Amino acid sequence: MMLMPPFNLHHPKTVEEACELAATFLANKESFDWVAGGTDLLPNYKWHINVKTHVISLANIPGLDTISMHEIGAMARLGALTTSENVHPLIAFAASKVASSLVRNNATLGGNICLDTRCFWINQSEDWRRSIDWCHKEDCGTGSDCRVIPNQNTLCVATYQGDLAPSLMVLEGTIHIIGPNGPRSLPVDEFFQLDGITRNVLQEGEFVLKVTFPEDVANRTGSYKKLRVRESWDFPEAGVASSWISGDPSSLRVASTALESIPRLHQEEVDALGTSFSKEHIPQLSEAIMKSIKPVNNTALPPRYRKSMVRVLAKRSLREILGD
């Protein structure tokens, strides 16, 4: 069924008004979603996936579309990021790899960070999902088991397929959140939570305000490599981002996306290199990153192929930041 289900759309004009709306709905035990560009949420609503009674739009709140080297607002359009000379080149490039230009003109930074996880068993029509007696992510109160890993209903393994998160991680981004209980902030790599349903640490009523970066972010050289079925449109099947400050091995950071329920920063694998980084270390690090990820069979390409391609993508990304 592709008809949009009914919901109440709200357009607060300030962050404070948005938080007050959220607090009211929570107090009344009414369900609600946040919407930025709507390129992920609205298609899911058409598929009748996790539809809520209320939707609060951030589109009319001024000041949330900031674009600069050290701060990007949640409502910054990806299309604007791709053409901006004020953002880090890695972010501009990663944004340019998201979907198509039509989607990028509506999609936002906040929306891409908070992208819902995807899976063969959930991203289908409501009639199709009903015909298989649902799945763990959308069990409709039935307690259904996971279809990807049978006989368990404690963990959802739907895959996170956002493009921007690994680049934000390797640039040492800090994500700023606000809700009825006030603001808080944390590193981007700590924002995501390992479960396809939970996805991130946002508490009820909270939404993403912006992402900020360190003063020396402009000194970083970065690279993002993406595997997808159709070059001009598709979600990533695997993605690897890396960055460093040239000549400073301690600054090296590598992150991956589209391989598990959350994107991951591979700091443990990087730290194993010790105090040096050169092209001789690339095979060792790429192999270690490949071994650390565990994709499952719920996207277009088989997990074994996606896992093997991580090593290739990591090699290409690391070579690029070394200028090789």
# chains A, B, ... in the order shown; residues from 1 in each chain; ligands from 1
>>> residues_around(residues="stretch 114-130 of chain A", least_positions_apart="4", cutoff="6 Å", atoms="only C-alpha atoms", output="PyMOL selection string")
chain A and resi 1+47+134+158-160+196+298
>>> residues_around(residues="A:Glu204", least_positions_apart="3", cutoff="9 Å", atoms="only C-alpha atoms", output="count of residues only")
5
>>> closest_atom_pairs(of="stretch 97-208 of chain A", to="stretch 54-75 of chain A", cutoff="10 Å", atoms="only C-alpha atoms", output="JSON lines")
{"residue": "A:Asn106", "atom": "CA", "partner": "A:Met75", "partner_atom": "CA", "distance": 9.5}
{"residue": "A:Ala107", "atom": "CA", "partner": "A:Met75", "partner_atom": "CA", "distance": 8.4}
{"residue": "A:Thr108", "atom": "CA", "partner": "A:Met75", "partner_atom": "CA", "distance": 5.3}
{"residue": "A:Leu109", "atom": "CA", "partner": "A:Ala74", "partner_atom": "CA", "distance": 5.2}
{"residue": "A:Gly110", "atom": "CA", "partner": "A:Ala74", "partner_atom": "CA", "distance": 4.1}
{"residue": "A:Gly111", "atom": "CA", "partner": "A:Ala74", "partner_atom": "CA", "distance": 7.4}
{"residue": "A:Asn112", "atom": "CA", "partner": "A:Ala74", "partner_atom": "CA", "distance": 9.2}
{"residue": "A:Ile113", "atom": "CA", "partner": "A:Ala74", "partner_atom": "CA", "distance": 8.9}
{"residue": "A:Gly173", "atom": "CA", "partner": "A:His70", "partner_atom": "CA", "distance": 9.0}
{"residue": "A:Thr174", "atom": "CA", "partner": "A:Glu71", "partner_atom": "CA", "distance": 9.4}
{"residue": "A:Ile175", "atom": "CA", "partner": "A:Ala74", "partner_atom": "CA", "distance": 9.6}
{"residue": "A:His176", "atom": "CA", "partner": "A:Ala74", "partner_atom": "CA", "distance": 9.3}
{"residue": "A:Ile177", "atom": "CA", "partner": "A:Ala74", "partner_atom": "CA", "distance": 9.9}
{"residue": "A:Phe207", "atom": "CA", "partner": "A:Ala74", "partner_atom": "CA", "distance": 9.1}
{"residue": "A:Val208", "atom": "CA", "partner": "A:Ala74", "partner_atom": "CA", "distance": 6.2}
>>> write_last_selection(atoms="N, CA and C atoms", output="PDB file, in the first residue's frame")
ATOM      1  N   ASN A 106      16.726  18.106  -1.329  1.00  0.00           N
ATOM      2  CA  ASN A 106      15.791  18.077  -0.202  1.00  0.00           C
ATOM      3  C   ASN A 106      16.406  17.443   1.044  1.00  0.00           C
ATOM      4  N   ALA A 107      17.262  16.456   0.847  1.00  0.00           N
ATOM      5  CA  ALA A 107      17.848  15.735   1.973  1.00  0.00           C
ATOM      6  C   ALA A 107      18.726  16.661   2.812  1.00  0.00           C
ATOM      7  N   THR A 108      18.861  16.351   4.086  1.00  0.00           N
ATOM      8  CA  THR A 108      19.589  17.214   5.021  1.00  0.00           C
ATOM      9  C   THR A 108      20.671  16.424   5.768  1.00  0.00           C
ATOM     10  N   LEU A 109      21.584  17.162   6.363  1.00  0.00           N
ATOM     11  CA  LEU A 109      22.620  16.529   7.183  1.00  0.00           C
ATOM     12  C   LEU A 109      22.007  15.748   8.326  1.00  0.00           C
ATOM     13  N   GLY A 110      21.087  16.375   9.075  1.00  0.00           N
ATOM     14  CA  GLY A 110      20.474  15.694  10.213  1.00  0.00           C
ATOM     15  C   GLY A 110      19.724  14.449   9.806  1.00  0.00           C
ATOM     16  N   GLY A 111      19.009  14.543   8.693  1.00  0.00           N
ATOM     17  CA  GLY A 111      18.259  13.388   8.212  1.00  0.00           C
ATOM     18  C   GLY A 111      19.165  12.246   7.809  1.00  0.00           C
ATOM     19  N   ASN A 112      20.297  12.566   7.169  1.00  0.00           N
ATOM     20  CA  ASN A 112      21.213  11.513   6.745  1.00  0.00           C
ATOM     21  C   ASN A 112      21.877  10.849   7.940  1.00  0.00           C
ATOM     22  N   ILE A 113      22.205  11.631   8.971  1.00  0.00           N
ATOM     23  CA  ILE A 113      22.784  11.049  10.187  1.00  0.00           C
ATOM     24  C   ILE A 113      21.787  10.100  10.850  1.00  0.00           C
ATOM     25  N   GLY A 173      33.991  14.971  14.343  1.00  0.00           N
ATOM     26  CA  GLY A 173      32.807  15.780  14.557  1.00  0.00           C
ATOM     27  C   GLY A 173      32.169  15.550  15.921  1.00  0.00           C
ATOM     28  N   THR A 174      31.531  16.593  16.427  1.00  0.00           N
ATOM     29  CA  THR A 174      30.749  16.527  17.659  1.00  0.00           C
ATOM     30  C   THR A 174      29.299  16.817  17.302  1.00  0.00           C
ATOM     31  N   ILE A 175      28.401  15.960  17.727  1.00  0.00           N
ATOM     32  CA  ILE A 175      26.981  16.126  17.410  1.00  0.00           C
ATOM     33  C   ILE A 175      26.272  16.784  18.591  1.00  0.00           C
ATOM     34  N   HIS A 176      25.444  17.777  18.288  1.00  0.00           N
ATOM     35  CA  HIS A 176      24.737  18.541  19.317  1.00  0.00           C
ATOM     36  C   HIS A 176      23.245  18.203  19.237  1.00  0.00           C
ATOM     37  N   ILE A 177      22.697  17.858  20.380  1.00  0.00           N
ATOM     38  CA  ILE A 177      21.323  17.359  20.491  1.00  0.00           C
ATOM     39  C   ILE A 177      20.553  18.241  21.461  1.00  0.00           C
ATOM     40  N   PHE A 207      16.175  15.836  19.259  1.00  0.00           N
ATOM     41  CA  PHE A 207      16.528  15.861  17.839  1.00  0.00           C
ATOM     42  C   PHE A 207      17.907  16.488  17.670  1.00  0.00           C
ATOM     43  N   VAL A 208      18.499  16.278  16.508  1.00  0.00           N
ATOM     44  CA  VAL A 208      19.847  16.765  16.220  1.00  0.00           C
ATOM     45  C   VAL A 208      19.783  18.231  15.810  1.00  0.00           C
TER      46      VAL A 208
END
>>> select_by_dssp(residues="stretch 214-301 of chain A", states="alpha helix (DSSP H)", output="list in words")
Gln267, Glu268, Glu269, Val270, Asp271, Ile282, Pro283, Gln284, Leu285, Ser286, Glu287, Ala288, Ile289, Met290, Lys291 and Ser292 of chain A
>>> atom_distance(atom1="atom CA of A:Ile321", atom2="atom CA of A:Arg304")
26.7 Å
>>> select_by_dssp(residues="stretch 82-323 of chain A", states="strand (DSSP E)", output="ChimeraX atom specification")
/A:174-179,182-187,207-212,220-227,238-245,248-257,264-265
>>> write_last_selection(atoms="N, CA and C atoms", output="CSV table (one decimal), in the first residue's frame")
chain,number,residue,atom,x,y,z
A,174,THR,N,31.5,16.6,16.4
A,174,THR,CA,30.7,16.5,17.7
A,174,THR,C,29.3,16.8,17.3
A,175,ILE,N,28.4,16.0,17.7
A,175,ILE,CA,27.0,16.1,17.4
A,175,ILE,C,26.3,16.8,18.6
A,176,HIS,N,25.4,17.8,18.3
A,176,HIS,CA,24.7,18.5,19.3
A,176,HIS,C,23.2,18.2,19.2
A,177,ILE,N,22.7,17.9,20.4
A,177,ILE,CA,21.3,17.4,20.5
A,177,ILE,C,20.6,18.2,21.5
A,178,ILE,N,19.2,18.4,21.2
A,178,ILE,CA,18.4,19.1,22.2
A,178,ILE,C,17.0,18.4,22.3
A,179,GLY,N,16.4,18.6,23.4
A,179,GLY,CA,15.1,18.1,23.7
A,179,GLY,C,14.5,18.7,24.9
A,182,GLY,N,16.7,19.7,27.7
A,182,GLY,CA,17.9,20.5,27.5
A,182,GLY,C,18.9,20.0,26.5
A,183,PRO,N,20.0,20.7,26.2
A,183,PRO,CA,20.9,20.3,25.2
A,183,PRO,C,22.0,19.4,25.8
A,184,ARG,N,22.6,18.6,24.9
A,184,ARG,CA,23.8,17.8,25.2
A,184,ARG,C,24.6,17.6,23.9
A,185,SER,N,25.8,17.2,24.1
A,185,SER,CA,26.6,16.9,22.9
A,185,SER,C,27.6,15.7,23.2
A,186,LEU,N,28.0,15.1,22.1
A,186,LEU,CA,28.9,13.9,22.2
A,186,LEU,C,29.6,13.7,20.9
A,187,PRO,N,30.7,13.0,20.8
A,187,PRO,CA,31.4,12.7,19.6
A,187,PRO,C,30.4,11.9,18.6
A,207,PHE,N,16.2,15.8,19.3
A,207,PHE,CA,16.5,15.9,17.8
A,207,PHE,C,17.9,16.5,17.7
A,208,VAL,N,18.5,16.3,16.5
A,208,VAL,CA,19.8,16.8,16.2
A,208,VAL,C,19.8,18.2,15.8
A,209,LEU,N,20.6,19.1,16.4
A,209,LEU,CA,20.7,20.5,16.1
A,209,LEU,C,21.8,20.8,15.1
A,210,LYS,N,23.0,20.2,15.3
A,210,LYS,CA,24.1,20.6,14.4
A,210,LYS,C,25.3,19.6,14.7
A,211,VAL,N,26.3,19.7,13.8
A,211,VAL,CA,27.6,19.0,14.0
A,211,VAL,C,28.7,20.1,14.0
A,212,THR,N,29.6,20.0,14.9
A,212,THR,CA,30.7,21.0,14.9
A,212,THR,C,32.0,20.2,14.8
A,220,ARG,N,43.1,18.5,7.9
A,220,ARG,CA,42.9,17.1,7.6
A,220,ARG,C,42.7,16.9,6.1
A,221,THR,N,43.4,15.8,5.6
A,221,THR,CA,43.1,15.3,4.3
A,221,THR,C,42.2,14.1,4.4
A,222,GLY,N,41.1,14.1,3.6
A,222,GLY,CA,40.2,13.0,3.8
A,222,GLY,C,39.8,12.3,2.5
A,223,SER,N,39.2,11.1,2.6
A,223,SER,CA,38.8,10.4,1.4
A,223,SER,C,37.6,9.5,1.8
A,224,TYR,N,36.6,9.4,0.9
A,224,TYR,CA,35.5,8.5,1.1
A,224,TYR,C,35.3,7.6,-0.1
A,225,LYS,N,35.2,6.3,0.1
A,225,LYS,CA,35.0,5.4,-1.0
A,225,LYS,C,33.8,4.6,-0.8
A,226,LYS,N,33.0,4.4,-1.8
A,226,LYS,CA,31.6,3.9,-1.7
A,226,LYS,C,31.4,2.7,-2.7
A,227,LEU,N,30.8,1.7,-2.2
A,227,LEU,CA,30.3,0.6,-3.1
A,227,LEU,C,28.8,0.6,-3.2
A,238,ALA,N,28.6,-0.7,1.0
A,238,ALA,CA,29.8,-0.6,1.9
A,238,ALA,C,30.4,0.8,1.6
A,239,GLY,N,31.0,1.4,2.7
A,239,GLY,CA,31.6,2.6,2.5
A,239,GLY,C,32.7,2.8,3.5
A,240,VAL,N,33.8,3.4,3.1
A,240,VAL,CA,35.0,3.6,4.0
A,240,VAL,C,35.5,5.0,3.9
A,241,ALA,N,35.6,5.7,5.0
A,241,ALA,CA,36.2,7.1,5.0
A,241,ALA,C,37.4,7.0,5.9
A,242,SER,N,38.4,7.9,5.5
A,242,SER,CA,39.6,8.0,6.3
A,242,SER,C,40.1,9.4,6.2
A,243,SER,N,40.9,9.9,7.2
A,243,SER,CA,41.5,11.2,7.2
A,243,SER,C,42.7,11.2,8.2
A,244,TRP,N,43.6,12.1,7.9
A,244,TRP,CA,44.7,12.4,8.8
A,244,TRP,C,45.3,13.8,8.6
A,245,ILE,N,46.0,14.3,9.5
A,245,ILE,CA,46.8,15.5,9.3
A,245,ILE,C,48.2,15.0,8.8
A,248,ASP,N,51.3,13.3,10.7
A,248,ASP,CA,51.0,13.0,12.1
A,248,ASP,C,50.2,11.7,12.2
A,249,PRO,N,50.9,10.5,12.3
A,249,PRO,CA,50.3,9.2,12.4
A,249,PRO,C,49.2,9.1,13.5
A,250,SER,N,49.4,9.9,14.6
A,250,SER,CA,48.4,9.8,15.7
A,250,SER,C,47.1,10.4,15.3
A,251,SER,N,47.0,11.1,14.2
A,251,SER,CA,45.7,11.8,13.8
A,251,SER,C,44.9,10.9,12.9
A,252,LEU,N,45.5,9.7,12.4
A,252,LEU,CA,44.8,8.9,11.5
A,252,LEU,C,43.5,8.3,12.1
A,253,ARG,N,42.4,8.4,11.3
A,253,ARG,CA,41.1,7.9,11.7
A,253,ARG,C,40.5,7.2,10.4
A,254,VAL,N,39.8,6.1,10.7
A,254,VAL,CA,39.1,5.3,9.6
A,254,VAL,C,37.8,4.9,10.1
A,255,ALA,N,36.7,5.0,9.3
A,255,ALA,CA,35.4,4.6,9.7
A,255,ALA,C,34.7,3.9,8.5
A,256,SER,N,33.7,3.1,8.8
A,256,SER,CA,33.0,2.4,7.8
A,256,SER,C,31.5,2.6,8.0
A,257,THR,N,30.7,2.3,6.9
A,257,THR,CA,29.3,2.4,6.9
A,257,THR,C,28.7,1.3,6.1
A,264,ARG,N,30.9,2.5,12.0
A,264,ARG,CA,31.8,2.3,13.0
A,264,ARG,C,33.1,3.0,12.8
A,265,LEU,N,33.7,3.5,13.9
A,265,LEU,CA,35.0,4.1,13.8
A,265,LEU,C,36.0,3.0,14.2
>>> residues_around(residues="stretch 292-295 of chain A", least_positions_apart="4", cutoff="10 Å", atoms="only C-alpha atoms", output="ChimeraX atom specification")
/A:157-159,237-238,256-261,264,266,268-269,287-288,299,302-307,310
>>> write_last_selection(atoms="N, CA and C atoms", output="short mmCIF file (atom, residue, chain, number, x, y, z; two decimals), in the first residue's frame")
data_model
loop_
_atom_site.label_atom_id
_atom_site.label_comp_id
_atom_site.auth_asym_id
_atom_site.auth_seq_id
_atom_site.Cartn_x
_atom_site.Cartn_y
_atom_site.Cartn_z
N VAL A 157 19.07 -6.63 13.17
CA VAL A 157 20.32 -6.48 12.42
C VAL A 157 20.12 -5.72 11.11
N ALA A 158 19.02 -4.95 11.02
CA ALA A 158 18.83 -4.10 9.85
C ALA A 158 20.04 -3.18 9.68
N THR A 159 20.41 -2.89 8.45
CA THR A 159 21.69 -2.23 8.15
C THR A 159 21.54 -0.72 8.03
N GLU A 237 26.40 -0.03 -0.32
CA GLU A 237 26.47 -1.42 0.13
C GLU A 237 27.68 -1.60 1.05
N ALA A 238 28.61 -0.68 0.95
CA ALA A 238 29.76 -0.58 1.85
C ALA A 238 30.38 0.78 1.62
N SER A 256 33.72 3.09 8.83
CA SER A 256 32.98 2.37 7.79
C SER A 256 31.48 2.56 7.97
N THR A 257 30.74 2.30 6.91
CA THR A 257 29.27 2.40 6.95
C THR A 257 28.65 1.34 6.06
N ALA A 258 27.35 1.10 6.24
CA ALA A 258 26.54 0.21 5.40
C ALA A 258 26.94 -1.26 5.54
N LEU A 259 27.56 -1.61 6.66
CA LEU A 259 28.01 -2.98 6.87
C LEU A 259 27.36 -3.64 8.08
N GLU A 260 26.89 -2.84 9.01
CA GLU A 260 26.24 -3.35 10.21
C GLU A 260 25.09 -2.41 10.58
N SER A 261 24.53 -2.57 11.76
CA SER A 261 23.40 -1.74 12.17
C SER A 261 23.80 -0.31 12.48
N ARG A 264 30.85 2.55 11.97
CA ARG A 264 31.84 2.26 13.02
C ARG A 264 33.14 3.01 12.78
N HIS A 266 37.04 2.77 13.40
CA HIS A 266 37.95 1.64 13.59
C HIS A 266 39.24 2.09 14.29
N GLU A 268 40.55 1.00 17.13
CA GLU A 268 41.36 -0.10 17.66
C GLU A 268 42.31 -0.64 16.60
N GLU A 269 41.80 -0.79 15.38
CA GLU A 269 42.63 -1.29 14.28
C GLU A 269 43.72 -0.27 13.92
N GLU A 287 43.25 -5.08 5.96
CA GLU A 287 42.88 -6.45 6.33
C GLU A 287 42.23 -6.47 7.71
N ALA A 288 42.79 -5.73 8.65
CA ALA A 288 42.25 -5.71 10.01
C ALA A 288 40.84 -5.12 10.03
N THR A 299 20.89 -6.88 2.34
CA THR A 299 20.96 -5.81 1.35
C THR A 299 21.14 -6.42 -0.03
N PRO A 302 25.63 -9.72 -1.62
CA PRO A 302 25.86 -10.73 -0.57
C PRO A 302 26.91 -10.27 0.43
N PRO A 303 26.76 -10.69 1.69
CA PRO A 303 27.67 -10.22 2.74
C PRO A 303 29.12 -10.58 2.50
N ARG A 304 29.41 -11.74 1.92
CA ARG A 304 30.81 -12.11 1.69
C ARG A 304 31.48 -11.14 0.73
N TYR A 305 30.75 -10.73 -0.32
CA TYR A 305 31.30 -9.79 -1.28
C TYR A 305 31.50 -8.41 -0.65
N ARG A 306 30.50 -7.96 0.11
CA ARG A 306 30.61 -6.66 0.77
C ARG A 306 31.79 -6.64 1.74
N LYS A 307 31.97 -7.73 2.48
CA LYS A 307 33.08 -7.80 3.43
C LYS A 307 34.42 -7.75 2.71
N VAL A 310 35.41 -4.29 1.55
CA VAL A 310 35.87 -3.35 2.57
C VAL A 310 37.38 -3.19 2.49
#
>>> closest_residue(among="A:Leu21, A:Ile289, A:Ile282, A:Leu171", to="A:Glu215", atoms="only C-alpha atoms")
A:Leu171
>>> closest_residue(among="A:Ser246, A:Ser232, A:Asn153, A:Thr14", to="A:Val217", atoms="only C-alpha atoms")
A:Ser246
>>> closest_residue(among="A:Pro236, A:Pro6, A:Gly143, A:Gly205", to="A:Ala94", atoms="only C-alpha atoms")
A:Pro236
>>> closest_atom_pairs(of="stretch 67-170 of chain A", to="stretch 188-193 of chain A", cutoff="9 Å", atoms="only C-alpha atoms", output="CSV")
residue,atom,partner,partner_atom,distance
A:Ala165,CA,A:Val188,CA,7.6
A:Pro166,CA,A:Asp189,CA,8.3
A:Leu168,CA,A:Val188,CA,6.8
A:Met169,CA,A:Asp189,CA,5.6
A:Val170,CA,A:Asp189,CA,8.8
>>> atom_distance(atom1="atom CA of A:Arg319", atom2="atom CA of A:Lys279")
6.8 Å
>>> decode(residues="stretch 36-48 of chain A", atoms="C-alpha atoms", output="mmCIF file, in the first residue's frame")
data_model
loop_
_atom_site.group_PDB
_atom_site.id
_atom_site.type_symbol
_atom_site.label_atom_id
_atom_site.label_comp_id
_atom_site.auth_asym_id
_atom_site.auth_seq_id
_atom_site.Cartn_x
_atom_site.Cartn_y
_atom_site.Cartn_z
ATOM 1 C CA ALA A 36 13.867 17.437 8.204
ATOM 2 C CA GLY A 37 14.004 16.948 4.417
ATOM 3 C CA GLY A 38 11.663 13.944 4.523
ATOM 4 C CA THR A 39 13.508 11.916 1.871
ATOM 5 C CA ASP A 40 13.752 8.923 4.240
ATOM 6 C CA LEU A 41 10.801 9.363 6.599
ATOM 7 C CA LEU A 42 8.072 10.053 4.047
ATOM 8 C CA PRO A 43 8.835 7.033 1.805
ATOM 9 C CA ASN A 44 8.795 4.874 4.936
ATOM 10 C CA TYR A 45 5.402 6.330 5.849
ATOM 11 C CA LYS A 46 4.125 5.450 2.372
ATOM 12 C CA TRP A 47 5.248 1.882 3.041
ATOM 13 C CA HIS A 48 3.406 2.144 6.404
#
